[in-house]
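Asks: The structure under discussion is supplied below as structure tokens; questions concerning it will follow.
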Amino acid sequence: MRIVGLEEHYVTDDVASAWERLGARSDDPMAAFSGDTTTDIGRRLRSLDDERLTLMDAAGVDQHVLSLTTPGLFELDEADAVALQSTTNDEVADAVRRTPDRLQGFATLAPQRPEAAAAELDRAVRELGFHGAMIFSRVRGEPIDSPRFWPIFEAAEALRAPLYLHPQIAPSAVRQAYYRGFGDEVEVALATHAIGWHYDAGVEFLRLVLAGVFDRFPDLQVVLGHWGEVLAFYVDRVDRIGPTAGLDRPVSDYLTHNAYLTPGGILNHRYLGWARDVMPTERLMFATDHPYVPFEDGAARTFLDGSDLSETDRAAIASGNWERLIAAIRR
């Protein structure tokens with residue numbers, strides 16, 4: 001059974017330097033955290049070779065699909081972001097070529113210039129062999145569902161290449177209203193991995209539905225981590241917005257036809273069972289959220305082997321569903 005992880009992060013020195021130059025103008029404290037080379041996480045994010053492969057072996061993961069960690073290029077000035085997207089993708093492509101049996105790639109995009117981002121997605125898929133792209137909820141505060149970003153969705157649908165929608169920390173006004181009052185460290189944790197990230201990405205998927213993105217691009221496929229970023233647990237409630245919004249079909253129908261779910265490092269059999277109740281098994285895939293969630297002693301394989309999945313479903317979630325999805329990409 002091959003195990004492929006889809007939410008497996010990296011950062012380059014050039015991107016970390018761009019985050020540092022942004023400094024106080026950045027609305028995302030994760031940029032400084034992830035760019036810090038003095039921490040284990042900062043060092044492991046930079047490794048695309050030996051240390052990463054060693055940690056993959058320890059976790060029991062055969063392949064990583066590499067993705068630039070949050071906030072990607074989405075917070076940068078337009079000129080910096082556009083300058084970095086192709087060089088970053090080229091650097092990752094070199095790493096994939098060195099160990100193609102262990103690494104794959106998601107493209108990094110600079111949506112500040114949507115047409116250029118769409119062209120870079122096409123290049124990354126057709127020339128570099130990447131399998132789609134990672135996107136985030138907002139581009140310098142503007143929601144990714146805004147019509148001016150739709151060229152990216154159009155390109156992804158034309159290529160049949162998936163977009164992994166990763167959480168992004170909420171804007172400062174939201175953090176002030178919901179997450180302040182507990183000291184900086186706790187506030188950032190509350191606004192990110194504790195709960196804030198998951199509401200952020202779940203709400204953005206809903207915005208994509210309500211904005212008509214999936215009606216305009218019905219074959220577009222989006223991957224959601226962390227068992228569906230809250231949505232899978234509230235499908236009955238979110239479906240109630242459909243008639244109010246004038247949707248032609250329930251929100252849950254968009255979820256089961258336009259989304260795939262991964263654990264995003266939450267290796268919990270209860271959540272797996274719930275996801276299987278909500279989603280077809282062929283729309284569940286795997287991810288460990290490296291290096292933010294460390295795993296050893298073959299934890300990825302232990303999680304899958306310890307589930308009540310059939311052998312066929314276990315192999316499908318481990319890698320089969322991903323391989324079927326990327327086999328349909330138009331190269």
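In the structure tokens, the first chain shown is A, the next is B, and so on; residue numbers restart at 1 for each chain, and ligands run from 1 in the order shown.
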Please list as an NGL selection string every residue within 12 Å of A:Phe33, counting only C-alpha atoms and excluding residues in the same chain fewer than 3 positions away.

Replies: :A and (11 or 16 or 19-20 or 23 or 28-30 or 36-43 or 45 or 69-71 or 185 or 188-189 or 292)

Asks: Which residues come within 12 Å of stretch 313-319 of chain A, counting only C-alpha atoms, excluding same-chain residues fewer than 6 positions away, as number ranges by chain?

Replies: A: 1-6, 60-65, 260-263, 272, 275-276, 280-288, 300-307, 325-326

Asks: Of the candidates A:Pro171, A:Gly129, A:Pro243, A:Pro114, which one gets nearest to A:Pro151 if we count only C-alpha atoms?

Replies: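 Selected residue with least distance to A:Pro151: A:Pro114.
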
Asks: Once DSSP has gone over the backbone, tell me which residues of stretch 27-155 of chain A are in strand (DSSP E or B), as a ChimeraX atom specification.

Replies: /A:63-68,103-105,107,133-135,138-139,142-143

Asks: Can I get the selection written as an mmCIF file, in the first residue's frame, with N, CA and C atoms?

Replies:
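In the end it all went to part_26.cif:
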```cif
data_model
loop_
_atom_site.group_PDB
_atom_site.id
_atom_site.type_symbol
_atom_site.label_atom_id
_atom_site.label_comp_id
_atom_site.auth_asym_id
_atom_site.auth_seq_id
_atom_site.Cartn_x
_atom_site.Cartn_y
_atom_site.Cartn_z
ATOM 1 N N GLN A 63 5.282 9.235 -0.483
ATOM 2 C CA GLN A 63 5.476 10.411 -1.314
ATOM 3 C C GLN A 63 4.838 11.630 -0.675
ATOM 4 N N HIS A 64 5.485 12.776 -0.853
ATOM 5 C CA HIS A 64 4.939 14.077 -0.499
ATOM 6 C C HIS A 64 4.565 14.822 -1.764
ATOM 7 N N VAL A 65 3.387 15.454 -1.759
ATOM 8 C CA VAL A 65 3.042 16.441 -2.776
ATOM 9 C C VAL A 65 3.379 17.797 -2.159
ATOM 10 N N LEU A 66 4.456 18.409 -2.612
ATOM 11 C CA LEU A 66 5.003 19.603 -1.992
ATOM 12 C C LEU A 66 4.132 20.824 -2.255
ATOM 13 N N SER A 67 3.934 21.640 -1.217
ATOM 14 C CA SER A 67 3.160 22.879 -1.369
ATOM 15 C C SER A 67 3.773 23.958 -0.501
ATOM 16 N N LEU A 68 3.881 25.166 -1.066
ATOM 17 C CA LEU A 68 4.413 26.298 -0.315
ATOM 18 C C LEU A 68 3.503 26.590 0.872
ATOM 19 N N LEU A 103 8.810 12.519 -4.264
ATOM 20 C CA LEU A 103 8.254 13.870 -4.241
ATOM 21 C C LEU A 103 7.425 14.156 -5.485
ATOM 22 N N GLN A 104 6.333 14.888 -5.291
ATOM 23 C CA GLN A 104 5.522 15.452 -6.362
ATOM 24 C C GLN A 104 5.320 16.933 -6.019
ATOM 25 N N GLY A 105 4.611 17.662 -6.876
ATOM 26 C CA GLY A 105 4.489 19.086 -6.610
ATOM 27 C C GLY A 105 3.121 19.673 -6.883
ATOM 28 N N ALA A 107 1.721 23.549 -7.679
ATOM 29 C CA ALA A 107 2.274 24.827 -8.114
ATOM 30 C C ALA A 107 2.031 25.912 -7.073
ATOM 31 N N ALA A 133 -2.407 23.074 -7.942
ATOM 32 C CA ALA A 133 -1.806 24.180 -7.190
ATOM 33 C C ALA A 133 -2.427 24.277 -5.813
ATOM 34 N N MET A 134 -1.690 24.923 -4.911
ATOM 35 C CA MET A 134 -2.243 25.273 -3.608
ATOM 36 C C MET A 134 -2.657 26.740 -3.631
ATOM 37 N N ILE A 135 -3.869 27.008 -3.139
ATOM 38 C CA ILE A 135 -4.360 28.372 -3.047
ATOM 39 C C ILE A 135 -4.783 28.656 -1.611
ATOM 40 N N ARG A 138 -7.508 34.442 0.715
ATOM 41 C CA ARG A 138 -7.529 35.866 0.362
ATOM 42 C C ARG A 138 -6.212 36.281 -0.253
ATOM 43 N N VAL A 139 -6.294 37.255 -1.141
ATOM 44 C CA VAL A 139 -5.116 37.829 -1.788
ATOM 45 C C VAL A 139 -4.994 39.265 -1.290
ATOM 46 N N GLU A 142 -8.333 40.402 -0.236
ATOM 47 C CA GLU A 142 -9.447 40.234 -1.165
ATOM 48 C C GLU A 142 -9.769 38.750 -1.332
ATOM 49 N N PRO A 143 -11.016 38.344 -1.124
ATOM 50 C CA PRO A 143 -11.359 36.927 -1.207
ATOM 51 C C PRO A 143 -11.023 36.330 -2.573
#
```

Asks: DSSP says helix (DSSP H, G or I) for which residues of stretch 52-204 of chain A? Put them as a PyMOL selection string?

Replies: chain A and resi 52-59+78-98+114-126+147-159+172-178+184-194+196-204

Asks: Could the residues in this selection be written to a file with C-alpha atoms, as a PDB file, in the first residue's frame?

Replies:
```pdb
ATOM      1  CA  ARG A  52      12.496  15.401   4.620  1.00  0.00           C
ATOM      2  CA  LEU A  53      12.942  11.889   3.259  1.00  0.00           C
ATOM      3  CA  THR A  54      14.052  10.632   6.666  1.00  0.00           C
ATOM      4  CA  LEU A  55      10.972  12.141   8.314  1.00  0.00           C
ATOM      5  CA  MET A  56       8.736  10.684   5.601  1.00  0.00           C
ATOM      6  CA  ASP A  57      10.189   7.251   6.311  1.00  0.00           C
ATOM      7  CA  ALA A  58       9.596   7.718  10.026  1.00  0.00           C
ATOM      8  CA  ALA A  59       5.951   8.640   9.404  1.00  0.00           C
ATOM      9  CA  GLU A  78       2.408  42.172  -6.734  1.00  0.00           C
ATOM     10  CA  ALA A  79       5.925  42.619  -8.110  1.00  0.00           C
ATOM     11  CA  ASP A  80       7.523  40.350  -5.489  1.00  0.00           C
ATOM     12  CA  ALA A  81       4.834  37.709  -5.816  1.00  0.00           C
ATOM     13  CA  VAL A  82       4.983  37.532  -9.613  1.00  0.00           C
ATOM     14  CA  ALA A  83       8.792  37.438  -9.585  1.00  0.00           C
ATOM     15  CA  LEU A  84       8.787  34.525  -7.127  1.00  0.00           C
ATOM     16  CA  GLN A  85       6.122  32.231  -8.583  1.00  0.00           C
ATOM     17  CA  SER A  86       8.097  30.786 -11.506  1.00  0.00           C
ATOM     18  CA  THR A  87      11.446  30.614  -9.683  1.00  0.00           C
ATOM     19  CA  THR A  88       9.805  28.857  -6.730  1.00  0.00           C
ATOM     20  CA  ASN A  89       8.117  26.334  -8.998  1.00  0.00           C
ATOM     21  CA  ASP A  90      11.377  25.719 -10.863  1.00  0.00           C
ATOM     22  CA  GLU A  91      13.193  25.094  -7.565  1.00  0.00           C
ATOM     23  CA  VAL A  92      10.570  22.571  -6.458  1.00  0.00           C
ATOM     24  CA  ALA A  93      10.591  20.919  -9.888  1.00  0.00           C
ATOM     25  CA  ASP A  94      14.342  20.381  -9.511  1.00  0.00           C
ATOM     26  CA  ALA A  95      13.760  18.670  -6.154  1.00  0.00           C
ATOM     27  CA  VAL A  96      11.068  16.438  -7.682  1.00  0.00           C
ATOM     28  CA  ARG A  97      13.408  15.472 -10.532  1.00  0.00           C
ATOM     29  CA  ARG A  98      16.076  14.445  -8.002  1.00  0.00           C
ATOM     30  CA  PRO A 114      -4.578  36.496 -12.257  1.00  0.00           C
ATOM     31  CA  GLU A 115      -3.876  35.989 -15.969  1.00  0.00           C
ATOM     32  CA  ALA A 116      -0.182  35.464 -15.246  1.00  0.00           C
ATOM     33  CA  ALA A 117      -1.062  33.041 -12.445  1.00  0.00           C
ATOM     34  CA  ALA A 118      -3.293  31.082 -14.816  1.00  0.00           C
ATOM     35  CA  ALA A 119      -0.460  30.904 -17.355  1.00  0.00           C
ATOM     36  CA  GLU A 120       1.957  29.768 -14.645  1.00  0.00           C
ATOM     37  CA  LEU A 121      -0.473  27.036 -13.571  1.00  0.00           C
ATOM     38  CA  ASP A 122      -0.575  25.835 -17.171  1.00  0.00           C
ATOM     39  CA  ARG A 123       3.238  25.842 -17.370  1.00  0.00           C
ATOM     40  CA  ALA A 124       3.620  24.106 -14.019  1.00  0.00           C
ATOM     41  CA  VAL A 125       1.233  21.326 -15.035  1.00  0.00           C
ATOM     42  CA  ARG A 126       2.215  20.851 -18.680  1.00  0.00           C
ATOM     43  CA  PRO A 147     -14.445  37.457 -10.155  1.00  0.00           C
ATOM     44  CA  ARG A 148     -11.093  38.971 -11.032  1.00  0.00           C
ATOM     45  CA  PHE A 149      -9.404  35.740  -9.852  1.00  0.00           C
ATOM     46  CA  TRP A 150     -11.621  33.488 -11.940  1.00  0.00           C
ATOM     47  CA  PRO A 151      -8.990  33.037 -14.698  1.00  0.00           C
ATOM     48  CA  ILE A 152      -7.201  30.757 -12.218  1.00  0.00           C
ATOM     49  CA  PHE A 153     -10.307  28.601 -11.785  1.00  0.00           C
ATOM     50  CA  GLU A 154     -10.864  28.578 -15.528  1.00  0.00           C
ATOM     51  CA  ALA A 155      -7.314  27.345 -16.114  1.00  0.00           C
ATOM     52  CA  ALA A 156      -7.595  24.688 -13.402  1.00  0.00           C
ATOM     53  CA  GLU A 157     -10.834  23.348 -14.861  1.00  0.00           C
ATOM     54  CA  ALA A 158      -9.435  23.314 -18.401  1.00  0.00           C
ATOM     55  CA  LEU A 159      -6.436  21.333 -17.175  1.00  0.00           C
ATOM     56  CA  SER A 172      -6.764  41.348  11.930  1.00  0.00           C
ATOM     57  CA  ALA A 173     -10.267  42.778  12.509  1.00  0.00           C
ATOM     58  CA  VAL A 174     -11.671  39.259  12.838  1.00  0.00           C
ATOM     59  CA  ARG A 175      -8.828  38.217  15.117  1.00  0.00           C
ATOM     60  CA  GLN A 176      -9.469  41.272  17.277  1.00  0.00           C
ATOM     61  CA  ALA A 177     -13.149  40.383  17.635  1.00  0.00           C
ATOM     62  CA  TYR A 178     -12.831  36.627  18.149  1.00  0.00           C
ATOM     63  CA  ASP A 184       0.109  36.589  21.803  1.00  0.00           C
ATOM     64  CA  GLU A 185       1.030  32.904  21.711  1.00  0.00           C
ATOM     65  CA  VAL A 186      -2.420  31.641  22.684  1.00  0.00           C
ATOM     66  CA  GLU A 187      -4.156  34.157  20.419  1.00  0.00           C
ATOM     67  CA  VAL A 188      -2.191  33.052  17.358  1.00  0.00           C
ATOM     68  CA  ALA A 189      -2.817  29.385  18.178  1.00  0.00           C
ATOM     69  CA  LEU A 190      -6.539  30.044  18.616  1.00  0.00           C
ATOM     70  CA  ALA A 191      -6.698  31.933  15.326  1.00  0.00           C
ATOM     71  CA  THR A 192      -4.781  29.235  13.430  1.00  0.00           C
ATOM     72  CA  HIS A 193      -4.450  25.529  14.155  1.00  0.00           C
ATOM     73  CA  ALA A 194      -6.778  25.384  17.189  1.00  0.00           C
ATOM     74  CA  GLY A 196      -9.534  29.711  13.282  1.00  0.00           C
ATOM     75  CA  TRP A 197      -7.844  28.196  10.245  1.00  0.00           C
ATOM     76  CA  HIS A 198     -10.589  25.641   9.806  1.00  0.00           C
ATOM     77  CA  TYR A 199     -13.429  28.121   9.857  1.00  0.00           C
ATOM     78  CA  ASP A 200     -11.446  30.271   7.435  1.00  0.00           C
ATOM     79  CA  ALA A 201     -11.072  27.618   4.734  1.00  0.00           C
ATOM     80  CA  GLY A 202     -14.560  26.217   5.276  1.00  0.00           C
ATOM     81  CA  VAL A 203     -16.146  29.648   4.909  1.00  0.00           C
ATOM     82  CA  GLU A 204     -14.078  30.297   1.786  1.00  0.00           C
TER      83      GLU A 204
END
```

Asks: Rounded to one decimal, what separation in Å do you get between atom CA of A:Thr256 and atom CA of A:Met279?

Replies: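 Separation of atom CA of A:Thr256 and atom CA of A:Met279: 5.8 Å.
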
Asks: Give me the residues within 9 Å of A:Val278 as a PyMOL selection string, counting only C-alpha atoms and dropping any in the same chain fewer than 4 places off.

Replies: chain A and resi 232-233+235+252+256+273-274

Asks: Could those residues be written to a file, using N, CA and C atoms, as a PDB file, in the first residue's frame?

Replies:
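Generated file (part14.pdb):
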```
ATOM      1  N   ALA A 232     -17.824  19.373   6.680  1.00  0.00           N
ATOM      2  CA  ALA A 232     -18.343  18.008   6.690  1.00  0.00           C
ATOM      3  C   ALA A 232     -19.166  17.717   7.942  1.00  0.00           C
ATOM      4  N   PHE A 233     -18.900  18.447   9.002  1.00  0.00           N
ATOM      5  CA  PHE A 233     -19.600  18.214  10.266  1.00  0.00           C
ATOM      6  C   PHE A 233     -20.887  19.036  10.380  1.00  0.00           C
ATOM      7  N   VAL A 235     -23.032  19.764   7.442  1.00  0.00           N
ATOM      8  CA  VAL A 235     -23.685  19.799   6.130  1.00  0.00           C
ATOM      9  C   VAL A 235     -25.184  20.075   6.249  1.00  0.00           C
ATOM     10  N   SER A 252     -24.268  20.741   0.074  1.00  0.00           N
ATOM     11  CA  SER A 252     -23.669  19.412   0.230  1.00  0.00           C
ATOM     12  C   SER A 252     -23.436  18.736  -1.106  1.00  0.00           C
ATOM     13  N   THR A 256     -19.861  17.141  -2.408  1.00  0.00           N
ATOM     14  CA  THR A 256     -19.633  15.766  -2.846  1.00  0.00           C
ATOM     15  C   THR A 256     -19.295  15.655  -4.328  1.00  0.00           C
ATOM     16  N   GLY A 273     -14.579   8.242  10.101  1.00  0.00           N
ATOM     17  CA  GLY A 273     -15.913   7.650   9.994  1.00  0.00           C
ATOM     18  C   GLY A 273     -16.960   8.673   9.596  1.00  0.00           C
ATOM     19  N   TRP A 274     -16.872   9.872  10.172  1.00  0.00           N
ATOM     20  CA  TRP A 274     -17.835  10.924   9.813  1.00  0.00           C
ATOM     21  C   TRP A 274     -17.663  11.335   8.360  1.00  0.00           C
TER      22      TRP A 274
END
```

Asks: Any idea what the distance is between atom CA of A:His131 and atom CA of A:Ser146?

Replies: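 Computing the Euclidean distance for atom CA of A:His131 and atom CA of A:Ser146 yields 23.8 Å.
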
Asks: Quick check, in Å to one decimal: how far apart do atom CA of A:Asp145 and atom CA of A:Ile329 lie?

Replies: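 Taking atom CA of A:Asp145 as the start and atom CA of A:Ile329 as the end point, the length is 22.8 Å.
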